[in-house]
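Have a look at structure29.tsv; it's TSV, C-alpha atoms:
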```
chain	number	residue	atom	x	y	z
A	1	MET	CA	-127.62	72.49	-9.81
A	2	PRO	CA	-127.42	71.81	-13.55
A	3	ASP	CA	-128.84	68.39	-14.44
A	4	ASP	CA	-125.55	66.93	-15.58
A	5	GLN	CA	-123.63	67.91	-12.43
A	6	SER	CA	-123.32	65.36	-9.68
A	7	ARG	CA	-123.19	66.30	-6.01
A	8	LEU	CA	-119.46	65.50	-6.21
A	9	ASP	CA	-119.05	67.98	-9.11
A	10	LEU	CA	-120.93	70.64	-7.18
A	11	PHE	CA	-118.92	70.03	-4.03
A	12	ILE	CA	-115.58	70.25	-5.87
A	13	ASP	CA	-116.72	73.50	-7.51
A	14	ARG	CA	-117.63	74.89	-4.09
A	15	MET	CA	-114.33	73.94	-2.45
A	16	VAL	CA	-112.20	75.17	-5.37
A	17	SER	CA	-114.17	78.44	-5.48
A	18	GLN	CA	-113.86	78.92	-1.74
A	19	ARG	CA	-110.10	78.55	-1.91
A	20	ALA	CA	-109.79	80.87	-4.92
A	21	CYS	CA	-111.89	83.56	-3.19
A	22	LEU	CA	-110.03	83.22	0.13
A	23	ASP	CA	-106.62	83.41	-1.54
A	24	PHE	CA	-107.80	86.48	-3.44
A	25	ALA	CA	-109.21	88.14	-0.29
A	26	ILE	CA	-106.06	87.42	1.76
A	27	ALA	CA	-103.82	88.85	-0.99
A	28	GLU	CA	-106.02	91.93	-1.58
A	29	THR	CA	-105.96	92.86	2.12
A	30	ARG	CA	-102.32	91.98	2.89
A	31	SER	CA	-101.47	95.57	3.86
A	32	MET	CA	-104.35	95.73	6.37
A	33	PRO	CA	-103.50	95.01	10.02
A	34	GLY	CA	-106.98	93.96	11.22
A	35	PRO	CA	-107.98	90.45	12.27
A	36	VAL	CA	-109.41	87.72	10.05
A	37	PHE	CA	-112.69	86.13	11.16
A	38	GLU	CA	-113.75	82.60	10.27
A	39	LEU	CA	-117.43	82.01	11.00
A	40	GLY	CA	-117.82	78.31	11.71
A	41	LEU	CA	-114.89	75.94	12.15
A	42	GLY	CA	-116.40	72.60	11.16
A	43	ASN	CA	-113.71	70.10	10.33
A	44	GLY	CA	-111.10	72.89	10.38
A	45	ARG	CA	-109.76	72.51	6.81
A	46	THR	CA	-110.49	76.09	5.82
A	47	TYR	CA	-109.17	77.43	9.12
A	48	HIS	CA	-105.95	75.47	8.49
A	49	HIS	CA	-105.73	77.06	5.03
A	50	MET	CA	-106.26	80.56	6.41
A	51	VAL	CA	-103.74	80.23	9.23
A	52	GLN	CA	-101.20	78.92	6.72
A	53	ASN	CA	-101.74	81.79	4.29
A	54	VAL	CA	-102.56	84.82	6.47
A	55	LYS	CA	-99.33	86.46	7.62
A	56	GLY	CA	-99.12	88.94	10.49
A	57	ARG	CA	-102.83	89.03	11.29
A	58	PRO	CA	-104.65	86.96	13.92
A	59	VAL	CA	-107.32	84.51	12.72
A	60	TYR	CA	-110.33	84.19	15.05
A	61	VAL	CA	-112.88	81.43	14.77
A	62	PHE	CA	-116.54	81.86	15.76
A	63	GLU	CA	-118.06	78.53	16.66
A	64	ARG	CA	-120.73	76.99	18.88
A	65	ALA	CA	-118.57	73.99	19.84
A	66	VAL	CA	-115.14	72.98	18.63
A	67	ALA	CA	-115.08	69.57	16.91
A	68	SER	CA	-112.28	69.99	14.41
A	69	HIS	CA	-109.48	67.73	13.26
A	70	PRO	CA	-106.62	67.82	15.84
A	71	ASP	CA	-104.26	69.33	13.20
A	72	SER	CA	-106.61	72.28	12.80
A	73	THR	CA	-107.82	73.14	16.26
A	74	PRO	CA	-107.23	76.83	17.02
A	75	PRO	CA	-105.59	77.97	20.26
A	76	GLU	CA	-108.18	78.75	22.94
A	77	ASP	CA	-107.66	82.51	22.81
A	78	ARG	CA	-108.48	82.55	19.10
A	79	VAL	CA	-111.85	80.84	19.50
A	80	ILE	CA	-114.98	82.89	20.15
A	81	LEU	CA	-117.42	80.32	21.49
A	82	GLY	CA	-121.17	80.72	21.39
A	83	ASP	CA	-124.18	81.57	19.27
A	84	VAL	CA	-123.41	84.14	16.53
A	85	ARG	CA	-126.53	86.07	17.61
A	86	GLU	CA	-124.51	87.01	20.69
A	87	THR	CA	-120.88	86.58	19.63
A	88	LEU	CA	-121.06	88.85	16.55
A	89	PRO	CA	-122.48	91.85	18.45
A	90	ALA	CA	-119.95	91.17	21.25
A	91	ALA	CA	-117.14	91.11	18.67
A	92	LEU	CA	-118.25	94.52	17.41
A	93	ARG	CA	-117.89	95.92	20.93
A	94	ARG	CA	-114.49	94.23	21.34
A	95	PHE	CA	-112.87	94.82	17.91
A	96	GLY	CA	-114.89	97.66	16.35
A	97	ALA	CA	-114.91	97.87	12.54
A	98	THR	CA	-111.44	96.37	12.06
A	99	ALA	CA	-111.74	92.98	10.32
A	100	SER	CA	-109.67	92.72	7.13
A	101	VAL	CA	-111.29	89.46	5.97
A	102	ILE	CA	-114.43	87.66	7.11
A	103	HIS	CA	-115.26	84.20	5.76
A	104	ALA	CA	-118.56	82.38	6.24
A	105	ASP	CA	-119.47	78.93	4.98
A	106	LEU	CA	-122.98	78.54	6.35
A	107	GLY	CA	-123.04	75.39	4.29
A	108	GLY	CA	-126.17	73.48	5.34
A	109	HIS	CA	-127.93	71.15	2.91
A	110	ASN	CA	-131.19	73.06	3.05
A	111	ARG	CA	-131.10	75.96	0.60
A	112	GLU	CA	-134.04	77.86	2.09
A	113	LYS	CA	-132.75	77.57	5.65
A	114	ASN	CA	-129.29	78.75	4.51
A	115	ASP	CA	-130.81	81.75	2.79
A	116	ALA	CA	-132.92	82.68	5.81
A	117	PHE	CA	-129.84	82.43	8.03
A	118	ALA	CA	-127.78	84.50	5.56
A	119	ARG	CA	-130.42	87.26	5.66
A	120	PHE	CA	-130.45	87.18	9.43
A	121	VAL	CA	-126.70	87.16	9.94
A	122	SER	CA	-125.66	89.67	7.23
A	123	PRO	CA	-126.43	92.81	9.28
A	124	LEU	CA	-124.46	91.35	12.21
A	125	ILE	CA	-121.41	90.76	9.98
A	126	GLN	CA	-121.37	93.99	7.98
A	127	PRO	CA	-120.31	96.43	10.76
A	128	LEU	CA	-117.30	94.27	11.71
A	129	LEU	CA	-115.48	94.87	8.41
A	130	ALA	CA	-112.88	97.61	8.17
A	131	GLU	CA	-112.99	100.06	5.28
A	132	GLY	CA	-111.58	98.05	2.34
A	133	GLY	CA	-112.09	94.74	4.14
A	134	LEU	CA	-113.44	91.75	2.21
A	135	MET	CA	-116.22	89.30	2.98
A	136	VAL	CA	-116.12	85.83	1.38
A	137	SER	CA	-119.21	83.66	1.54
A	138	SER	CA	-120.28	80.32	0.08
A	139	ASP	CA	-123.87	81.56	0.09
A	140	ARG	CA	-125.35	84.78	-1.18
A	141	THR	CA	-125.45	87.29	1.69
A	142	TYR	CA	-127.35	90.54	2.10
A	143	PHE	CA	-125.45	93.74	2.76
A	144	ASP	CA	-126.52	97.38	2.37
A	145	ASP	CA	-123.07	98.92	2.39
A	146	LEU	CA	-120.86	96.32	0.71
A	147	THR	CA	-120.10	95.98	-2.98
A	148	GLU	CA	-120.17	92.56	-4.64
A	149	LEU	CA	-116.91	92.00	-6.56
A	150	PRO	CA	-116.32	89.93	-9.70
A	151	LEU	CA	-115.00	86.47	-8.79
A	152	PRO	CA	-111.25	85.84	-9.08
A	153	PRO	CA	-109.88	83.37	-11.69
A	154	GLY	CA	-110.59	79.74	-10.77
A	155	ALA	CA	-113.83	80.45	-8.89
A	156	VAL	CA	-117.12	79.18	-10.34
A	157	GLN	CA	-120.04	81.60	-10.69
A	158	GLY	CA	-122.64	81.08	-7.96
A	159	ARG	CA	-120.45	78.81	-5.83
A	160	CYS	CA	-118.85	81.68	-3.88
A	161	PHE	CA	-119.37	85.40	-3.33
A	162	VAL	CA	-116.94	88.23	-2.49
A	163	TYR	CA	-117.95	91.63	-1.10
A	164	ARG	CA	-115.89	94.72	-0.28
A	165	ARG	CA	-116.64	97.43	2.24
B	1	MET	CA	-98.26	66.48	2.95
B	2	PRO	CA	-95.85	69.09	1.54
B	3	ASP	CA	-95.25	71.89	4.02
B	4	ASP	CA	-96.88	74.58	1.92
B	5	GLN	CA	-100.11	72.64	1.34
B	6	SER	CA	-103.01	73.26	3.67
B	7	ARG	CA	-105.50	70.59	4.63
B	8	LEU	CA	-107.92	72.36	2.26
B	9	ASP	CA	-105.40	72.04	-0.61
B	10	LEU	CA	-104.88	68.37	0.16
B	11	PHE	CA	-108.62	67.73	0.37
B	12	ILE	CA	-109.30	69.45	-2.96
B	13	ASP	CA	-106.52	67.43	-4.60
B	14	ARG	CA	-108.04	64.24	-3.22
B	15	MET	CA	-111.58	65.02	-4.41
B	16	VAL	CA	-110.45	66.18	-7.86
B	17	SER	CA	-108.23	63.10	-8.24
B	18	GLN	CA	-111.01	60.79	-7.11
B	19	ARG	CA	-113.36	62.22	-9.75
B	20	ALA	CA	-110.72	62.06	-12.50
B	21	CYS	CA	-109.93	58.41	-11.67
B	22	LEU	CA	-113.58	57.40	-11.42
B	23	ASP	CA	-114.48	59.08	-14.72
B	24	PHE	CA	-111.50	57.32	-16.33
B	25	ALA	CA	-112.46	53.93	-14.84
B	26	ILE	CA	-116.11	54.26	-15.87
B	27	ALA	CA	-115.14	55.22	-19.45
B	28	GLU	CA	-112.49	52.47	-19.76
B	29	THR	CA	-114.96	49.76	-18.71
B	30	ARG	CA	-118.05	51.02	-20.55
B	31	SER	CA	-118.30	47.86	-22.70
B	32	MET	CA	-118.26	45.60	-19.62
B	33	PRO	CA	-121.66	44.46	-18.27
B	34	GLY	CA	-120.63	43.68	-14.68
B	35	PRO	CA	-121.72	45.65	-11.62
B	36	VAL	CA	-119.95	48.63	-10.06
B	37	PHE	CA	-119.14	48.42	-6.34
B	38	GLU	CA	-118.80	51.43	-4.06
B	39	LEU	CA	-117.17	50.50	-0.74
B	40	GLY	CA	-118.45	52.97	1.83
B	41	LEU	CA	-121.29	55.41	1.15
B	42	GLY	CA	-120.50	58.21	3.60
B	43	ASN	CA	-122.31	61.37	2.64
B	44	GLY	CA	-123.22	59.84	-0.73
B	45	ARG	CA	-121.56	62.41	-3.02
B	46	THR	CA	-119.39	59.88	-4.83
B	47	TYR	CA	-122.26	57.42	-5.12
B	48	HIS	CA	-124.35	60.21	-6.67
B	49	HIS	CA	-121.54	60.85	-9.17
B	50	MET	CA	-121.25	57.16	-10.07
B	51	VAL	CA	-124.99	56.61	-10.52
B	52	GLN	CA	-125.12	59.69	-12.72
B	53	ASN	CA	-122.22	58.56	-14.92
B	54	VAL	CA	-122.44	54.76	-15.02
B	55	LYS	CA	-124.88	53.68	-17.76
B	56	GLY	CA	-126.41	50.23	-18.02
B	57	ARG	CA	-124.64	48.73	-15.02
B	58	PRO	CA	-125.97	48.46	-11.47
B	59	VAL	CA	-124.09	50.35	-8.73
B	60	TYR	CA	-123.99	48.53	-5.38
B	61	VAL	CA	-122.93	50.17	-2.13
B	62	PHE	CA	-121.24	48.30	0.71
B	63	GLU	CA	-121.87	50.05	4.00
B	64	ARG	CA	-122.21	49.37	7.71
B	65	ALA	CA	-125.10	51.81	8.17
B	66	VAL	CA	-126.66	54.22	5.68
B	67	ALA	CA	-126.35	57.88	6.74
B	68	SER	CA	-126.20	59.64	3.40
B	69	HIS	CA	-127.74	62.82	2.08
B	70	PRO	CA	-131.39	62.15	1.05
B	71	ASP	CA	-130.55	62.99	-2.61
B	72	SER	CA	-127.95	60.24	-2.66
B	73	THR	CA	-129.48	57.36	-0.75
B	74	PRO	CA	-129.38	54.17	-2.83
B	75	PRO	CA	-132.46	51.96	-3.26
B	76	GLU	CA	-132.56	49.20	-0.66
B	77	ASP	CA	-131.77	46.40	-3.11
B	78	ARG	CA	-128.54	48.16	-4.11
B	79	VAL	CA	-127.19	48.39	-0.56
B	80	ILE	CA	-125.14	45.55	0.89
B	81	LEU	CA	-125.27	46.18	4.62
B	82	GLY	CA	-122.74	44.91	7.09
B	83	ASP	CA	-119.09	44.55	7.93
B	84	VAL	CA	-116.86	44.19	4.82
B	85	ARG	CA	-115.14	41.23	6.50
B	86	GLU	CA	-118.40	39.38	5.86
B	87	THR	CA	-120.03	41.26	3.00
B	88	LEU	CA	-117.06	41.08	0.59
B	89	PRO	CA	-116.72	37.26	0.81
B	90	ALA	CA	-120.53	36.99	0.55
B	91	ALA	CA	-120.44	39.19	-2.57
B	92	LEU	CA	-117.89	36.84	-4.15
B	93	ARG	CA	-120.30	33.95	-3.65
B	94	ARG	CA	-123.20	35.99	-5.04
B	95	PHE	CA	-121.55	37.81	-7.99
B	96	GLY	CA	-118.36	35.85	-8.71
B	97	ALA	CA	-115.52	37.71	-10.45
B	98	THR	CA	-117.77	40.09	-12.37
B	99	ALA	CA	-117.26	43.66	-11.06
B	100	SER	CA	-116.29	46.14	-13.80
B	101	VAL	CA	-115.33	48.94	-11.36
B	102	ILE	CA	-114.68	48.90	-7.63
B	103	HIS	CA	-114.13	52.16	-5.74
B	104	ALA	CA	-112.90	52.46	-2.16
B	105	ASP	CA	-112.37	55.63	-0.18
B	106	LEU	CA	-111.27	54.25	3.18
B	107	GLY	CA	-110.57	57.85	4.05
B	108	GLY	CA	-109.92	57.96	7.79
B	109	HIS	CA	-107.70	60.62	9.31
B	110	ASN	CA	-105.20	58.13	10.71
B	111	ARG	CA	-102.70	57.16	8.04
B	112	GLU	CA	-101.41	54.03	9.79
B	113	LYS	CA	-104.89	52.71	10.51
B	114	ASN	CA	-105.89	53.33	6.88
B	115	ASP	CA	-102.87	51.46	5.64
B	116	ALA	CA	-103.49	48.51	7.96
B	117	PHE	CA	-107.11	48.37	6.79
B	118	ALA	CA	-106.02	48.61	3.13
B	119	ARG	CA	-103.68	45.63	3.60
B	120	PHE	CA	-106.42	43.66	5.29
B	121	VAL	CA	-109.17	44.42	2.77
B	122	SER	CA	-107.15	44.17	-0.48
B	123	PRO	CA	-107.29	40.35	-0.74
B	124	LEU	CA	-111.07	40.48	-0.13
B	125	ILE	CA	-111.54	42.98	-2.98
B	126	GLN	CA	-109.22	41.51	-5.59
B	127	PRO	CA	-111.21	38.35	-6.50
B	128	LEU	CA	-114.41	40.37	-7.11
B	129	LEU	CA	-112.98	42.17	-10.17
B	130	ALA	CA	-113.71	40.81	-13.65
B	131	GLU	CA	-110.85	40.39	-16.10
B	132	GLY	CA	-110.15	43.95	-17.32
B	133	GLY	CA	-112.04	45.49	-14.39
B	134	LEU	CA	-110.62	48.56	-12.63
B	135	MET	CA	-110.11	49.32	-8.97
B	136	VAL	CA	-109.97	52.98	-7.86
B	137	SER	CA	-108.73	53.78	-4.38
B	138	SER	CA	-107.90	56.93	-2.41
B	139	ASP	CA	-105.30	54.97	-0.47
B	140	ARG	CA	-102.58	52.66	-1.66
B	141	THR	CA	-103.91	49.10	-1.73
B	142	TYR	CA	-102.10	45.78	-1.90
B	143	PHE	CA	-102.93	43.38	-4.72
B	144	ASP	CA	-100.98	40.40	-6.07
B	145	ASP	CA	-102.74	40.10	-9.40
B	146	LEU	CA	-103.61	43.68	-10.32
B	147	THR	CA	-101.49	46.15	-12.29
B	148	GLU	CA	-101.20	49.73	-11.10
B	149	LEU	CA	-102.00	52.12	-13.99
B	150	PRO	CA	-100.66	55.62	-14.64
B	151	LEU	CA	-103.10	58.25	-13.36
B	152	PRO	CA	-105.42	59.94	-15.87
B	153	PRO	CA	-105.06	63.68	-16.65
B	154	GLY	CA	-106.29	65.88	-13.80
B	155	ALA	CA	-105.42	63.43	-11.02
B	156	VAL	CA	-102.64	64.31	-8.58
B	157	GLN	CA	-99.89	61.76	-7.90
B	158	GLY	CA	-100.36	60.01	-4.55
B	159	ARG	CA	-103.92	61.27	-4.02
B	160	CYS	CA	-105.58	58.37	-5.89
B	161	PHE	CA	-104.61	54.96	-7.27
B	162	VAL	CA	-105.97	52.92	-10.20
B	163	TYR	CA	-105.40	49.20	-10.69
B	164	ARG	CA	-106.47	46.85	-13.50
B	165	ARG	CA	-107.07	43.11	-13.33
```
Whole structure given in structure tokens:
Amino acid sequence: MPDDQSRLDLFIDRMVSQRACLDFAIAETRSMPGPVFELGLGNGRTYHHMVQNVKGRPVYVFERAVASHPDSTPPEDRVILGDVRETLPAALRRFGATASVIHADLGGHNREKNDAFARFVSPLIQPLLAEGGLMVSSDRTYFDDLTELPLPPGAVQGRCFVYRR
Amino acid sequence: MPDDQSRLDLFIDRMVSQRACLDFAIAETRSMPGPVFELGLGNGRTYHHMVQNVKGRPVYVFERAVASHPDSTPPEDRVILGDVRETLPAALRRFGATASVIHADLGGHNREKNDAFARFVSPLIQPLLAEGGLMVSSDRTYFDDLTELPLPPGAVQGRCFVYRR
């Protein structure tokens, strides 16, 4: 991070960028019927935002173990529990290439570990997206067939990434 | 929260307001020599922001147990460990009414519990502030001798509070 930015500054930039990119992705894909996938639930704030803003499409959460705020706990049939190494390939068999939006906030503190995980998980995510579907990520991800888009207004360069299939 | 705000919206408003109020409080008190008190360390993001922006004044953290990000862990002699019921009265004996800025993010999920804690802790905080010192809080607090100030630009009404002695 730049020397004059505090961790609070960086965090605010990340959250504001995430919201700007999600709102953009939801609006861009509003005519698509396919599901929205949230990889990682965490505290549930972003899930809450997506459920509130996505209309007419189911939002599924991929998570190892649900530990979210009670206000933001998804219904059981919208949670896909387990390790993404298994749940992403299983989702491809179940849904095919139908996702309209996929969001991933891998969000660990360790930059190198995040990047290694992003490289590993990218090829498992890519085939799930429908033609025209958007991927939003807080970390750089690695796709062969997706196009990185310019960030929407309000997002900060490097704090979020948007890709289109 | 308003019906159309998600928990992500609310959280961003809170973080942005906290930073705006802290930056305002630090600037307003820059000619005061007294220490800055951070009540609760948490992840350490706000502490990191304060240390980066407060010049020439020590920043002390009051915390039960340190569990912050390694980048934002205060030096041992700047941590006042223990329950605020004991550490705040002890700080009054040690520092007197000298604090230039006090910041508290009580920040639990339960609104009623937060409010009860705010009522309990307010009279322990108030005597620590120097004349002209500022108190910044994410929750409404209850002081007899402090004046609530209008929020600085960028802060959202109800998401942060600033008081002056």
At most 7 Å to chain B: residues in chain A, all atoms listed in the file, as an NGL selection string: :A and (6-8 or 12 or 15-16 or 45-46 or 48-49 or 52)
With C-alpha atoms retained, could you export that selection as a short mmCIF file (atom, residue, chain, number, x, y, z; two decimals), in the frame of the given file?
```
data_model
loop_
_atom_site.label_atom_id
_atom_site.label_comp_id
_atom_site.auth_asym_id
_atom_site.auth_seq_id
_atom_site.Cartn_x
_atom_site.Cartn_y
_atom_site.Cartn_z
CA SER A 6 -123.32 65.36 -9.68
CA ARG A 7 -123.19 66.30 -6.01
CA LEU A 8 -119.46 65.50 -6.21
CA ILE A 12 -115.58 70.25 -5.87
CA MET A 15 -114.33 73.94 -2.45
CA VAL A 16 -112.20 75.17 -5.37
CA ARG A 45 -109.76 72.51 6.81
CA THR A 46 -110.49 76.09 5.82
CA HIS A 48 -105.95 75.47 8.49
CA HIS A 49 -105.73 77.06 5.03
CA GLN A 52 -101.20 78.92 6.72
#
```
Range 20-37 of chain A surroundings by all atoms listed in the file, 7 Å radius, close-in-sequence under 4 positions cut, as a list in words: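 Counting only the stated atoms, we get Val16, Val54, Arg57, Pro58, Val59, Tyr60, Val61, Thr98, Ala99, Ser100, Val101, Ile102, His103, Gly133, Leu134, Val136, Pro152, Gly154, Ala155 and Val162 of chain A.
Compared by their closest atoms to Leu106 in chain B, and using all atoms listed in the file, the residues B:Asp145, B:Glu63, B:Asp139, B:Glu131 rank with B:Asp139 nearest.
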Selection: 12 Å around Arg85 in chain B, only C-alpha atoms, excl. self and same-chain fewer than 3 positions, as a VMD selection string: chain B and resid 39 62 to 64 81 to 82 88 to 92 117 120 to 125
Selection above as a file: C-alpha atoms, as a compact mmCIF listing (two decimals), keeping the file's coordinate frame:
```
# COMPACT_ATOMS: atom_id res chain seq x y z
CA LEU B 39 -117.17 50.50 -0.74
CA PHE B 62 -121.24 48.30 0.71
CA GLU B 63 -121.87 50.05 4.00
CA ARG B 64 -122.21 49.37 7.71
CA LEU B 81 -125.27 46.18 4.62
CA GLY B 82 -122.74 44.91 7.09
CA LEU B 88 -117.06 41.08 0.59
CA PRO B 89 -116.72 37.26 0.81
CA ALA B 90 -120.53 36.99 0.55
CA ALA B 91 -120.44 39.19 -2.57
CA LEU B 92 -117.89 36.84 -4.15
CA PHE B 117 -107.11 48.37 6.79
CA PHE B 120 -106.42 43.66 5.29
CA VAL B 121 -109.17 44.42 2.77
CA SER B 122 -107.15 44.17 -0.48
CA PRO B 123 -107.29 40.35 -0.74
CA LEU B 124 -111.07 40.48 -0.13
CA ILE B 125 -111.54 42.98 -2.98
```
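Nearest-residue note for Ala65 in chain A: choosing from A:Gly132, A:Pro150, A:Gly42, A:Gly96, the minimum distance belongs to A:Gly42, counting only C-alpha atoms.
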One-decimal distance in Å that lies between CA of Arg164 in chain B and CA of Arg94 in chain B: 21.7 Å
Atom pair CA of Cys160 in chain B / CA of Asp105 in chain B: separation (Å): 9.3 Å
Spatial sel., origin (-102.9, 53.0, 0.8), limit 8 Å, all atoms listed in the file, listed as a short mmCIF file (atom, residue, chain, number, x, y, z; two decimals) with C-alpha atoms, in the frame of the given file:
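Output below, filename point_11.cif:
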```
data_model
loop_
_atom_site.label_atom_id
_atom_site.label_comp_id
_atom_site.auth_asym_id
_atom_site.auth_seq_id
_atom_site.Cartn_x
_atom_site.Cartn_y
_atom_site.Cartn_z
CA ASN B 114 -105.89 53.33 6.88
CA ASP B 115 -102.87 51.46 5.64
CA ALA B 118 -106.02 48.61 3.13
CA ARG B 119 -103.68 45.63 3.60
CA SER B 137 -108.73 53.78 -4.38
CA SER B 138 -107.90 56.93 -2.41
CA ASP B 139 -105.30 54.97 -0.47
CA ARG B 140 -102.58 52.66 -1.66
CA THR B 141 -103.91 49.10 -1.73
CA TYR B 142 -102.10 45.78 -1.90
#
```
Point-to-point distance from CA of Ala67 in chain B to CA of Gly40 in chain B, Å rounded to tenths: 10.5 Å
